[in-house]
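Undergrad: To be precise about what I am sending: the file is called query-v1.tsv and holds TSV, C-alpha atoms (C1' of nucleotides).
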chain	number	residue	atom	x	y	z
A	4	MET	CA	23.72	-14.88	-11.74
A	5	LYS	CA	20.60	-17.01	-11.49
A	6	ILE	CA	17.34	-15.75	-10.12
A	7	GLU	CA	17.61	-17.95	-7.04
A	8	GLU	CA	20.93	-16.41	-6.03
A	9	VAL	CA	19.69	-12.89	-6.61
A	10	ALA	CA	16.62	-13.61	-4.53
A	11	ARG	CA	18.77	-14.90	-1.69
A	12	GLU	CA	21.21	-12.01	-1.96
A	13	PHE	CA	18.49	-9.38	-1.61
A	14	ASP	CA	16.09	-11.37	0.50
A	15	LEU	CA	13.35	-11.24	-2.09
A	16	THR	CA	11.35	-14.07	-3.58
A	17	LYS	CA	11.90	-15.19	-7.13
A	18	ASP	CA	8.29	-14.33	-7.78
A	19	THR	CA	8.86	-10.77	-6.70
A	20	LEU	CA	11.85	-10.42	-9.02
A	21	ARG	CA	9.84	-11.73	-11.93
A	22	TYR	CA	6.92	-9.51	-10.98
A	23	TRP	CA	9.12	-6.42	-10.79
A	24	GLU	CA	10.52	-7.18	-14.21
A	25	ARG	CA	7.08	-7.78	-15.67
A	26	ILE	CA	5.68	-4.43	-14.58
A	27	GLY	CA	8.83	-2.57	-15.62
A	28	LEU	CA	10.24	-1.97	-12.18
A	29	LEU	CA	13.34	-3.74	-13.44
A	30	PRO	CA	14.76	-3.70	-16.94
A	31	PRO	CA	14.29	-6.89	-18.98
A	32	ILE	CA	16.89	-9.35	-17.78
A	33	ARG	CA	19.10	-11.07	-20.36
A	34	ARG	CA	18.48	-14.78	-20.85
A	35	ASN	CA	20.99	-17.55	-21.36
A	36	THR	CA	20.65	-20.18	-24.10
A	37	SER	CA	18.01	-22.09	-22.16
A	38	GLY	CA	15.91	-19.02	-21.63
A	39	TYR	CA	16.94	-18.64	-17.98
A	40	ARG	CA	17.38	-15.17	-16.56
A	41	ASP	CA	21.03	-14.24	-16.10
A	42	TYR	CA	21.45	-11.20	-13.86
A	43	THR	CA	24.47	-9.03	-14.43
A	44	GLU	CA	26.09	-6.86	-11.81
A	45	HIS	CA	24.34	-3.98	-13.46
A	46	ASP	CA	20.97	-5.67	-13.01
A	47	MET	CA	21.79	-6.27	-9.37
A	48	ASN	CA	22.40	-2.59	-9.06
A	49	TRP	CA	18.87	-1.94	-10.26
A	50	VAL	CA	17.43	-4.49	-7.88
A	51	TYR	CA	19.24	-2.81	-5.05
A	52	TYR	CA	18.12	0.63	-6.09
A	53	ILE	CA	14.49	-0.41	-6.37
A	54	GLN	CA	14.60	-2.21	-3.05
A	55	VAL	CA	16.05	0.76	-1.21
A	56	LEU	CA	13.64	3.25	-2.70
A	57	ARG	CA	10.66	1.00	-2.09
A	58	LYS	CA	11.67	0.59	1.54
A	59	ALA	CA	11.69	4.36	1.86
A	60	GLY	CA	8.12	4.38	0.63
A	61	MET	CA	8.65	5.57	-2.93
A	62	SER	CA	5.67	4.61	-5.07
A	63	ILE	CA	5.99	1.83	-7.62
A	64	GLU	CA	4.49	4.14	-10.20
A	65	SER	CA	7.26	6.71	-9.79
A	66	LEU	CA	9.90	4.03	-9.89
A	67	ILE	CA	8.53	2.49	-13.07
A	68	GLU	CA	8.57	5.91	-14.69
A	69	PHE	CA	12.12	6.42	-13.49
A	70	VAL	CA	13.34	3.11	-14.85
A	71	LYS	CA	11.57	3.75	-18.12
A	72	LEU	CA	13.00	7.23	-18.62
A	73	PHE	CA	16.39	6.16	-17.46
A	74	ARG	CA	16.56	3.33	-19.95
A	75	ASP	CA	14.73	4.62	-22.98
A	76	GLY	CA	14.77	8.35	-22.94
A	77	ALA	CA	17.45	10.16	-21.11
A	78	GLN	CA	20.56	9.14	-22.92
A	79	THR	CA	22.74	11.98	-21.80
A	80	ARG	CA	24.73	12.06	-18.61
A	81	GLU	CA	23.05	15.19	-17.40
A	82	ALA	CA	19.52	14.05	-18.20
A	83	ARG	CA	20.04	10.88	-16.24
A	84	LYS	CA	21.60	12.74	-13.40
A	85	SER	CA	18.65	15.08	-13.24
A	86	LEU	CA	16.29	12.11	-13.08
A	87	LEU	CA	18.09	11.01	-9.97
A	88	ALA	CA	17.70	14.52	-8.61
A	89	ASP	CA	13.96	14.28	-9.29
A	90	GLN	CA	13.75	11.09	-7.30
A	91	ARG	CA	15.57	12.85	-4.52
A	92	THR	CA	13.11	15.71	-4.56
A	93	GLN	CA	10.17	13.37	-4.31
A	94	LEU	CA	11.72	11.60	-1.38
A	95	ALA	CA	12.55	14.87	0.33
A	96	GLN	CA	8.89	15.78	0.09
A	97	GLN	CA	7.94	12.54	1.78
A	98	GLU	CA	10.42	13.29	4.50
A	99	ALA	CA	8.91	16.74	4.94
A	100	GLU	CA	5.46	15.20	5.27
A	101	ILE	CA	6.67	12.88	7.99
A	102	HIS	CA	8.50	15.68	9.68
A	103	LYS	CA	5.34	17.74	9.79
A	104	THR	CA	3.53	14.82	11.34
A	105	LEU	CA	6.27	14.40	13.92
A	106	LYS	CA	5.83	18.04	14.89
A	107	TYR	CA	2.13	17.43	15.15
A	108	LEU	CA	2.68	14.47	17.46
A	109	ASP	CA	5.09	16.52	19.52
A	110	TYR	CA	2.45	19.15	19.89
A	111	LYS	CA	-0.10	16.53	20.84
A	112	ILE	CA	2.17	15.03	23.45
A	113	GLU	CA	3.08	18.44	24.79
A	114	HIS	CA	-0.44	19.85	24.90
A	115	TRP	CA	-1.67	16.47	25.76
A	116	ASP	CA	-4.56	17.60	27.94
A	117	ASP	CA	-6.15	19.48	25.09
A	118	HIS	CA	-6.46	16.35	22.98
A	119	MET	CA	-10.18	16.79	22.80
A	120	LEU	CA	-10.17	20.47	22.05
A	121	GLY	CA	-10.85	20.22	18.36
A	122	TYR	CA	-9.04	19.39	15.22
A	123	GLU	CA	-8.80	22.98	14.04
A	124	THR	CA	-6.38	23.64	16.84
A	125	GLU	CA	-4.49	20.54	15.88
A	126	ARG	CA	-4.50	21.43	12.25
A	127	LEU	CA	-2.64	24.58	13.19
A	128	ALA	CA	-0.03	22.51	14.95
A	129	TYR	CA	0.28	20.34	11.87
A	130	GLU	CA	0.34	23.01	9.23
A	131	GLY	CA	2.31	25.42	11.37
A	132	LYS	CA	5.95	26.22	10.82
A	133	ASP	CA	8.64	24.65	12.98
B	22	MET	CA	-22.37	16.45	12.09
B	23	LYS	CA	-23.55	14.16	9.33
B	24	ILE	CA	-21.28	11.80	7.48
B	25	GLU	CA	-21.57	13.80	4.27
B	26	GLU	CA	-20.28	16.95	5.92
B	27	VAL	CA	-17.43	15.12	7.58
B	28	ALA	CA	-16.48	13.54	4.28
B	29	ARG	CA	-16.43	16.94	2.62
B	30	GLU	CA	-14.52	18.54	5.47
B	31	PHE	CA	-11.71	15.99	5.31
B	32	ASP	CA	-11.94	15.18	1.65
B	33	LEU	CA	-12.72	11.54	2.25
B	34	THR	CA	-15.57	9.45	0.86
B	35	LYS	CA	-18.44	8.41	3.08
B	36	ASP	CA	-17.53	4.84	2.29
B	37	THR	CA	-14.05	5.37	3.62
B	38	LEU	CA	-15.37	6.82	6.85
B	39	ARG	CA	-17.67	3.85	7.32
B	40	TYR	CA	-14.87	1.48	6.40
B	41	TRP	CA	-12.49	3.05	8.90
B	42	GLU	CA	-15.11	2.74	11.60
B	43	ARG	CA	-15.83	-0.87	10.72
B	44	ILE	CA	-12.23	-1.98	11.01
B	45	GLY	CA	-11.69	-0.02	14.21
B	46	LEU	CA	-9.64	2.79	12.77
B	47	LEU	CA	-12.25	5.10	14.20
B	48	PRO	CA	-14.24	4.66	17.38
B	49	PRO	CA	-17.91	3.71	16.94
B	50	ILE	CA	-19.77	6.87	16.06
B	51	ARG	CA	-22.89	7.79	18.03
B	52	ARG	CA	-26.18	7.54	16.15
B	53	ASN	CA	-29.14	9.87	16.26
B	54	THR	CA	-32.71	8.64	16.67
B	55	SER	CA	-32.94	7.57	13.04
B	56	GLY	CA	-29.77	5.54	13.25
B	57	TYR	CA	-27.70	8.11	11.35
B	58	ARG	CA	-24.11	8.69	12.37
B	59	ASP	CA	-23.65	11.93	14.26
B	60	TYR	CA	-20.01	12.96	14.45
B	61	THR	CA	-18.95	15.01	17.44
B	62	GLU	CA	-16.00	17.38	17.47
B	63	HIS	CA	-14.17	14.65	19.32
B	64	ASP	CA	-14.85	12.19	16.51
B	65	MET	CA	-13.59	14.72	14.00
B	66	ASN	CA	-10.44	14.91	16.00
B	67	TRP	CA	-9.97	11.19	15.52
B	68	VAL	CA	-10.65	11.43	11.83
B	69	TYR	CA	-8.06	14.14	11.57
B	70	TYR	CA	-5.52	12.21	13.58
B	71	ILE	CA	-5.97	9.07	11.49
B	72	GLN	CA	-5.79	11.00	8.26
B	73	VAL	CA	-2.58	12.77	9.20
B	74	LEU	CA	-0.86	9.63	10.41
B	75	ARG	CA	-1.98	7.66	7.37
B	76	LYS	CA	-0.64	10.34	5.05
B	77	ALA	CA	2.69	10.04	6.82
B	78	GLY	CA	2.68	6.34	6.02
B	79	MET	CA	1.76	4.92	9.42
B	80	SER	CA	0.34	1.44	9.02
B	81	ILE	CA	-3.36	0.87	9.53
B	82	GLU	CA	-2.52	-2.00	11.82
B	83	SER	CA	-0.59	0.25	14.21
B	84	LEU	CA	-3.32	2.82	14.14
B	85	ILE	CA	-6.05	0.30	14.91
B	86	GLU	CA	-4.02	-0.91	17.88
B	87	PHE	CA	-3.54	2.66	18.98
B	88	VAL	CA	-7.23	3.50	18.78
B	89	LYS	CA	-8.09	0.29	20.59
B	90	LEU	CA	-5.65	0.83	23.44
B	91	PHE	CA	-6.52	4.46	23.67
B	92	ARG	CA	-10.21	3.76	24.03
B	93	ASP	CA	-10.38	0.50	25.94
B	94	GLY	CA	-7.22	-0.04	27.83
B	95	ALA	CA	-5.07	2.84	28.76
B	96	GLN	CA	-7.33	4.84	30.94
B	97	THR	CA	-4.66	6.78	32.73
B	98	ARG	CA	-3.22	10.04	31.51
B	99	GLU	CA	0.28	8.70	31.46
B	100	ALA	CA	-0.52	5.46	29.68
B	101	ARG	CA	-2.29	7.33	26.93
B	102	LYS	CA	0.51	9.82	26.67
B	103	SER	CA	3.04	7.04	26.29
B	104	LEU	CA	0.96	5.54	23.48
B	105	LEU	CA	1.35	8.79	21.63
B	106	ALA	CA	5.07	8.64	22.29
B	107	ASP	CA	5.12	5.12	20.78
B	108	GLN	CA	3.46	6.40	17.64
B	109	ARG	CA	6.06	9.12	17.50
B	110	THR	CA	8.88	6.60	17.77
B	111	GLN	CA	7.51	4.55	14.92
B	112	LEU	CA	7.24	7.61	12.75
B	113	ALA	CA	10.73	8.75	13.64
B	114	GLN	CA	12.02	5.38	12.42
B	115	GLN	CA	10.31	5.91	9.11
B	116	GLU	CA	11.90	9.31	8.88
B	117	ALA	CA	15.30	7.78	9.58
B	118	GLU	CA	14.75	5.24	6.80
B	119	ILE	CA	13.94	7.98	4.35
B	120	HIS	CA	16.87	10.01	5.52
B	121	LYS	CA	19.21	7.11	4.90
B	122	THR	CA	17.81	6.77	1.42
B	123	LEU	CA	18.27	10.47	0.77
B	124	LYS	CA	21.92	10.11	1.72
B	125	TYR	CA	22.14	7.20	-0.66
B	126	LEU	CA	20.69	9.25	-3.49
B	127	ASP	CA	23.05	12.10	-2.68
B	128	TYR	CA	25.92	9.69	-2.96
B	129	LYS	CA	24.55	8.36	-6.22
B	130	ILE	CA	24.21	11.85	-7.68
B	131	GLU	CA	27.61	12.87	-6.41
B	132	HIS	CA	29.47	9.78	-7.58
B	133	TRP	CA	27.23	9.62	-10.52
B	134	ASP	CA	29.78	8.18	-12.92
B	135	ASP	CA	30.23	5.08	-10.81
B	136	HIS	CA	26.54	4.23	-11.13
B	137	MET	CA	27.40	0.94	-12.72
B	138	LEU	CA	30.15	0.01	-10.37
B	139	GLY	CA	28.23	-2.43	-8.27
B	140	TYR	CA	25.69	-2.37	-5.53
B	141	GLU	CA	28.14	-3.33	-2.81
B	142	THR	CA	29.72	0.07	-3.14
B	143	GLU	CA	26.28	1.62	-3.03
B	144	ARG	CA	25.26	-0.43	-0.06
B	145	LEU	CA	28.09	1.19	1.83
B	146	ALA	CA	26.75	4.60	0.91
B	147	TYR	CA	23.31	3.55	2.12
B	148	GLU	CA	24.29	1.86	5.35
B	149	GLY	CA	27.09	4.28	6.10
B	150	LYS	CA	26.87	7.02	8.68
B	151	ASP	CA	26.19	10.61	7.68
C	25	DC	C1'	19.79	-42.78	-17.80
C	26	DT	C1'	16.99	-41.30	-14.46
C	27	DA	C1'	15.71	-38.53	-10.62
C	28	DA	C1'	16.08	-34.33	-8.22
C	29	DA	C1'	16.38	-29.65	-8.51
C	30	DC	C1'	16.42	-26.00	-11.07
C	31	DC	C1'	14.17	-22.76	-14.61
C	32	DT	C1'	10.20	-20.95	-17.71
C	33	DT	C1'	5.29	-18.96	-18.61
C	34	DG	C1'	0.48	-18.44	-17.64
C	35	DG	C1'	-2.89	-18.36	-14.66
C	36	DT	C1'	-5.07	-18.27	-10.17
C	37	DG	C1'	-5.27	-16.92	-5.20
C	38	DT	C1'	-4.75	-13.55	-1.35
C	39	DG	C1'	-5.17	-9.61	1.84
C	40	DA	C1'	-5.43	-4.80	2.19
C	41	DG	C1'	-7.95	-0.81	1.49
C	42	DC	C1'	-11.11	0.88	-0.34
C	43	DT	C1'	-15.40	1.54	-3.75
C	44	DC	C1'	-19.75	0.64	-5.56
C	45	DC	C1'	-24.34	-1.21	-5.51
C	46	DA	C1'	-28.99	-2.73	-3.94
C	47	DA	C1'	-32.77	-2.60	-0.88
C	48	DG	C1'	-34.95	-0.18	2.30
C	49	DG	C1'	-35.73	3.58	6.05
C	50	DC	C1'	-35.93	8.67	7.28
C	51	DA	C1'	-36.24	13.77	6.15
C	52	DA	C1'	-36.60	18.13	3.91
C	53	DA	C1'	-38.85	20.63	0.06
C	54	DC	C1'	-42.54	21.58	-2.60
D	14	DG	C1'	-48.09	13.58	0.85
D	15	DT	C1'	-45.15	12.39	-2.54
D	16	DT	C1'	-40.86	13.19	-4.68
D	17	DT	C1'	-36.01	13.94	-3.93
D	18	DG	C1'	-32.16	13.08	-1.35
D	19	DC	C1'	-29.71	11.58	2.37
D	20	DC	C1'	-28.91	7.77	5.53
D	21	DT	C1'	-28.46	2.66	6.84
D	22	DT	C1'	-26.43	-2.31	6.24
D	23	DG	C1'	-24.71	-6.20	3.61
D	24	DG	C1'	-22.35	-7.78	0.15
D	25	DA	C1'	-19.98	-7.71	-4.24
D	26	DG	C1'	-16.25	-5.77	-7.02
D	27	DC	C1'	-11.73	-3.70	-7.76
D	28	DT	C1'	-6.69	-2.62	-7.74
D	29	DC	C1'	-2.26	-3.39	-5.99
D	30	DA	C1'	1.62	-6.11	-4.89
D	31	DC	C1'	2.71	-9.86	-4.56
D	32	DA	C1'	2.43	-15.46	-3.60
D	33	DC	C1'	1.41	-19.84	-5.24
D	34	DC	C1'	0.68	-23.51	-8.52
D	35	DA	C1'	0.73	-26.45	-12.73
D	36	DA	C1'	2.78	-28.02	-16.90
D	37	DG	C1'	6.69	-28.49	-19.19
D	38	DG	C1'	11.77	-27.72	-20.47
D	39	DT	C1'	16.90	-27.91	-18.60
D	40	DT	C1'	20.73	-28.91	-15.69
D	41	DT	C1'	23.12	-31.54	-12.37
D	42	DA	C1'	24.09	-35.46	-9.22
D	43	DG	C1'	24.38	-40.28	-8.69
Using the file provided, produce a representation of the structure as structure tokens.

TA:
Amino acid sequence: MKIEEVAREFDLTKDTLRYWERIGLLPPIRRNTSGYRDYTEHDMNWVYYIQVLRKAGMSIESLIEFVKLFRDGAQTREARKSLLADQRTQLAQQEAEIHKTLKYLDYKIEHWDDHMLGYETERLAYEGKD
Amino acid sequence: MKIEEVAREFDLTKDTLRYWERIGLLPPIRRNTSGYRDYTEHDMNWVYYIQVLRKAGMSIESLIEFVKLFRDGAQTREARKSLLADQRTQLAQQEAEIHKTLKYLDYKIEHWDDHMLGYETERLAYEGKD
DNA sequence: CTAAACCTTGGTGTGAGCTCCAAGGCAAAC
DNA sequence: GTTTGCCTTGGAGCTCACACCAAGGTTTAG
């Protein structure tokens, strides 16, 4: 598949696809005889994966590391699987962070009149358990 | 409180505090007779709020709008309260996005052997209900 | 066969979000 | 009262994550 089609399929620009490949966010894409990128289904899978994880706020740095390890290092089934689990853990931490902030906002809305009381009070609401 | 102390308290740089104020992410801070910023407890509260929401991934743009409305426009209790609720909604959407992605990763780990099957299959796992 | 419509690389531009620096004023310590 | 250190503003510099452009090769449509 040509870059144009991939871009359309995932609603990305061609520039972004080339950029992602350049910085290692995507594996090097195979070229046809004229030097044009030819995306396989497998490549598309990567594009999709990156796109989804980026949308969820995963850092580019982590994703590059993931792609790198996944391709070069972890050759075994289990190693690769555990890399996925690592990604999941990272994301779960982000979710926890957001959840904490939601609790904080709930507190703020609830105890709305105390908004000006002081951030120490608020910090308790933020750090506090559910 | 002086800028240095505030910076230390929240583990931010002085430059960041000034930057945030400049772009409207913080209200204008009162100055003492020598023109130095003098942060009140109320200001600290704002700093804390901004920091927490930023850490959770809330966009600066949204936060600037929030600070602006909160200070200038919405003078009534209820209006201000509903602004907070809006912030909460935005954050809840981010949480939902992450949650969807977690489900996707769970699927990927579970059906790990099909990793190369094709992204359409994966898209179903991502878009699908819990 | 030529023109339009692709593709390539390399380089430059852009906006966000800081970060650092210079020049100069105030303040606390000796 | 001067040195040291903190503060101010204005502006320049920097990194990230693209977006855009130019020059040149290829493929396709007429």

Undergrad: Would you list which chain B residues are within 10 Å of chain D using only C-alpha atoms (C1' of nucleotides), as a compact mmCIF listing (two decimals) with C-alpha atoms, in the frame of the given file?

TA:
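Below you can see selection-v8.txt, which holds the result:
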# COMPACT_ATOMS: atom_id res chain seq x y z
CA LYS B 23 -23.55 14.16 9.33
CA ILE B 24 -21.28 11.80 7.48
CA GLU B 25 -21.57 13.80 4.27
CA SER B 55 -32.94 7.57 13.04
CA GLY B 56 -29.77 5.54 13.25
CA TYR B 57 -27.70 8.11 11.35
CA ARG B 58 -24.11 8.69 12.37

Undergrad: Which chain C residues have any atom within 10 Å of an atom of chain B, and for each, what is the nearest pair of atoms with distance in Å to one decimal, counting only C-alpha atoms (C1' of nucleotides), rows sorted by chain and number, as JSON lines?

TA:
{"residue": "C:DA40", "atom": "C1'", "partner": "B:Ile81", "partner_atom": "CA", "distance": 9.5}
{"residue": "C:DG41", "atom": "C1'", "partner": "B:Tyr40", "partner_atom": "CA", "distance": 8.8}
{"residue": "C:DC42", "atom": "C1'", "partner": "B:Thr37", "partner_atom": "CA", "distance": 6.7}
{"residue": "C:DT43", "atom": "C1'", "partner": "B:Asp36", "partner_atom": "CA", "distance": 7.2}
{"residue": "C:DC44", "atom": "C1'", "partner": "B:Asp36", "partner_atom": "CA", "distance": 9.2}
{"residue": "C:DG49", "atom": "C1'", "partner": "B:Ser55", "partner_atom": "CA", "distance": 8.5}
{"residue": "C:DC50", "atom": "C1'", "partner": "B:Ser55", "partner_atom": "CA", "distance": 6.6}
{"residue": "C:DA51", "atom": "C1'", "partner": "B:Ser55", "partner_atom": "CA", "distance": 9.8}

Undergrad: Write out as number ranges by chain every residue belonging to chain A that has an atom at most 8 Å from any atom of chain B, counting only C-alpha atoms.

TA: A: 44-45, 47-48, 51, 55-56, 58-60, 84, 87-88, 91, 94-95, 97-98, 100-102, 104-105, 108-109, 111-112, 115, 119-122

Undergrad: Mind writing the picked residues with C-alpha atoms as a compact mmCIF listing (two decimals), in the coordinates of the input?

TA:
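Written file, part-v7.txt:
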# COMPACT_ATOMS: atom_id res chain seq x y z
CA GLU A 44 26.09 -6.86 -11.81
CA HIS A 45 24.34 -3.98 -13.46
CA MET A 47 21.79 -6.27 -9.37
CA ASN A 48 22.40 -2.59 -9.06
CA TYR A 51 19.24 -2.81 -5.05
CA VAL A 55 16.05 0.76 -1.21
CA LEU A 56 13.64 3.25 -2.70
CA LYS A 58 11.67 0.59 1.54
CA ALA A 59 11.69 4.36 1.86
CA GLY A 60 8.12 4.38 0.63
CA LYS A 84 21.60 12.74 -13.40
CA LEU A 87 18.09 11.01 -9.97
CA ALA A 88 17.70 14.52 -8.61
CA ARG A 91 15.57 12.85 -4.52
CA LEU A 94 11.72 11.60 -1.38
CA ALA A 95 12.55 14.87 0.33
CA GLN A 97 7.94 12.54 1.78
CA GLU A 98 10.42 13.29 4.50
CA GLU A 100 5.46 15.20 5.27
CA ILE A 101 6.67 12.88 7.99
CA HIS A 102 8.50 15.68 9.68
CA THR A 104 3.53 14.82 11.34
CA LEU A 105 6.27 14.40 13.92
CA LEU A 108 2.68 14.47 17.46
CA ASP A 109 5.09 16.52 19.52
CA LYS A 111 -0.10 16.53 20.84
CA ILE A 112 2.17 15.03 23.45
CA TRP A 115 -1.67 16.47 25.76
CA MET A 119 -10.18 16.79 22.80
CA LEU A 120 -10.17 20.47 22.05
CA GLY A 121 -10.85 20.22 18.36
CA TYR A 122 -9.04 19.39 15.22

Undergrad: Calculate how many Å separate atom C1' of DA53 of chain C from atom CA of Asp32 of chain B, rounding to one decimal.

TA: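 Spanning atom C1' of DA53 of chain C to atom CA of Asp32 of chain B is a straight-line distance of 27.5 Å.
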
Undergrad: Taking all heavy atoms as the atom set, what does segment 33-41 of chain A look like once completed, written as a CSV table (one decimal), in the frame of the given file?

TA:
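Ended up saving to part.csv:
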chain,number,residue,atom,x,y,z
A,33,ARG,N,18.6,-10.2,-19.3
A,33,ARG,CA,19.1,-11.1,-20.4
A,33,ARG,C,18.9,-12.6,-20.0
A,33,ARG,O,19.0,-13.0,-18.9
A,33,ARG,CB,20.6,-10.8,-20.6
A,33,ARG,CG,21.0,-10.6,-22.0
A,33,ARG,CD,22.5,-10.7,-22.2
A,33,ARG,NE,23.0,-12.0,-21.7
A,33,ARG,CZ,24.0,-12.2,-20.8
A,33,ARG,NH1,24.6,-11.1,-20.4
A,33,ARG,NH2,24.3,-13.4,-20.4
A,34,ARG,N,18.7,-13.3,-21.1
A,34,ARG,CA,18.5,-14.8,-20.8
A,34,ARG,C,19.7,-15.6,-21.4
A,34,ARG,O,20.3,-15.1,-22.4
A,34,ARG,CB,17.2,-15.3,-21.5
A,34,ARG,CG,16.0,-14.5,-21.2
A,34,ARG,CD,15.8,-14.3,-19.8
A,34,ARG,NE,14.5,-13.6,-19.5
A,34,ARG,CZ,13.4,-14.2,-19.3
A,34,ARG,NH1,13.3,-15.5,-19.4
A,34,ARG,NH2,12.3,-13.5,-19.1
A,35,ASN,N,20.0,-16.7,-20.8
A,35,ASN,CA,21.0,-17.6,-21.4
A,35,ASN,C,20.4,-18.4,-22.4
A,35,ASN,O,19.2,-18.3,-22.8
A,35,ASN,CB,21.7,-18.4,-20.3
A,35,ASN,CG,20.7,-19.4,-19.6
A,35,ASN,OD1,19.7,-19.7,-20.2
A,35,ASN,ND2,21.1,-19.9,-18.5
A,36,THR,N,21.1,-19.4,-23.0
A,36,THR,CA,20.6,-20.2,-24.1
A,36,THR,C,19.4,-21.0,-23.8
A,36,THR,O,18.6,-21.3,-24.7
A,36,THR,CB,21.8,-21.1,-24.6
A,36,THR,OG1,22.3,-21.8,-23.5
A,36,THR,CG2,22.8,-20.4,-25.3
A,37,SER,N,19.2,-21.3,-22.5
A,37,SER,CA,18.0,-22.1,-22.2
A,37,SER,C,16.8,-21.2,-21.8
A,37,SER,O,15.8,-21.7,-21.3
A,37,SER,CB,18.3,-23.0,-21.0
A,37,SER,OG,19.7,-23.2,-20.8
A,38,GLY,N,17.0,-19.9,-21.9
A,38,GLY,CA,15.9,-19.0,-21.6
A,38,GLY,C,15.9,-18.6,-20.2
A,38,GLY,O,14.9,-18.0,-19.7
A,39,TYR,N,16.9,-19.0,-19.4
A,39,TYR,CA,16.9,-18.6,-18.0
A,39,TYR,C,17.5,-17.2,-17.8
A,39,TYR,O,18.3,-16.8,-18.6
A,39,TYR,CB,17.9,-19.6,-17.2
A,39,TYR,CG,17.4,-21.0,-17.1
A,39,TYR,CD1,16.3,-21.5,-17.8
A,39,TYR,CD2,18.1,-21.9,-16.2
A,39,TYR,CE1,15.9,-22.8,-17.7
A,39,TYR,CE2,17.7,-23.2,-16.1
A,39,TYR,CZ,16.6,-23.6,-16.8
A,39,TYR,OH,16.2,-24.9,-16.7
A,40,ARG,N,16.9,-16.5,-16.8
A,40,ARG,CA,17.4,-15.2,-16.6
A,40,ARG,C,18.8,-15.2,-16.0
A,40,ARG,O,19.2,-16.1,-15.2
A,40,ARG,CB,16.5,-14.5,-15.5
A,40,ARG,CG,15.2,-14.0,-16.0
A,40,ARG,CD,14.3,-13.5,-14.9
A,40,ARG,NE,13.0,-13.1,-15.4
A,40,ARG,CZ,12.0,-13.9,-15.7
A,40,ARG,NH1,12.2,-15.3,-15.5
A,40,ARG,NH2,10.8,-13.5,-16.2
A,41,ASP,N,19.6,-14.3,-16.6
A,41,ASP,CA,21.0,-14.2,-16.1
A,41,ASP,C,21.3,-12.8,-15.7
A,41,ASP,O,21.6,-11.9,-16.5
A,41,ASP,CB,22.0,-14.7,-17.2
A,41,ASP,CG,23.4,-14.7,-16.8
A,41,ASP,OD1,23.6,-14.7,-15.5
A,41,ASP,OD2,24.3,-14.8,-17.6
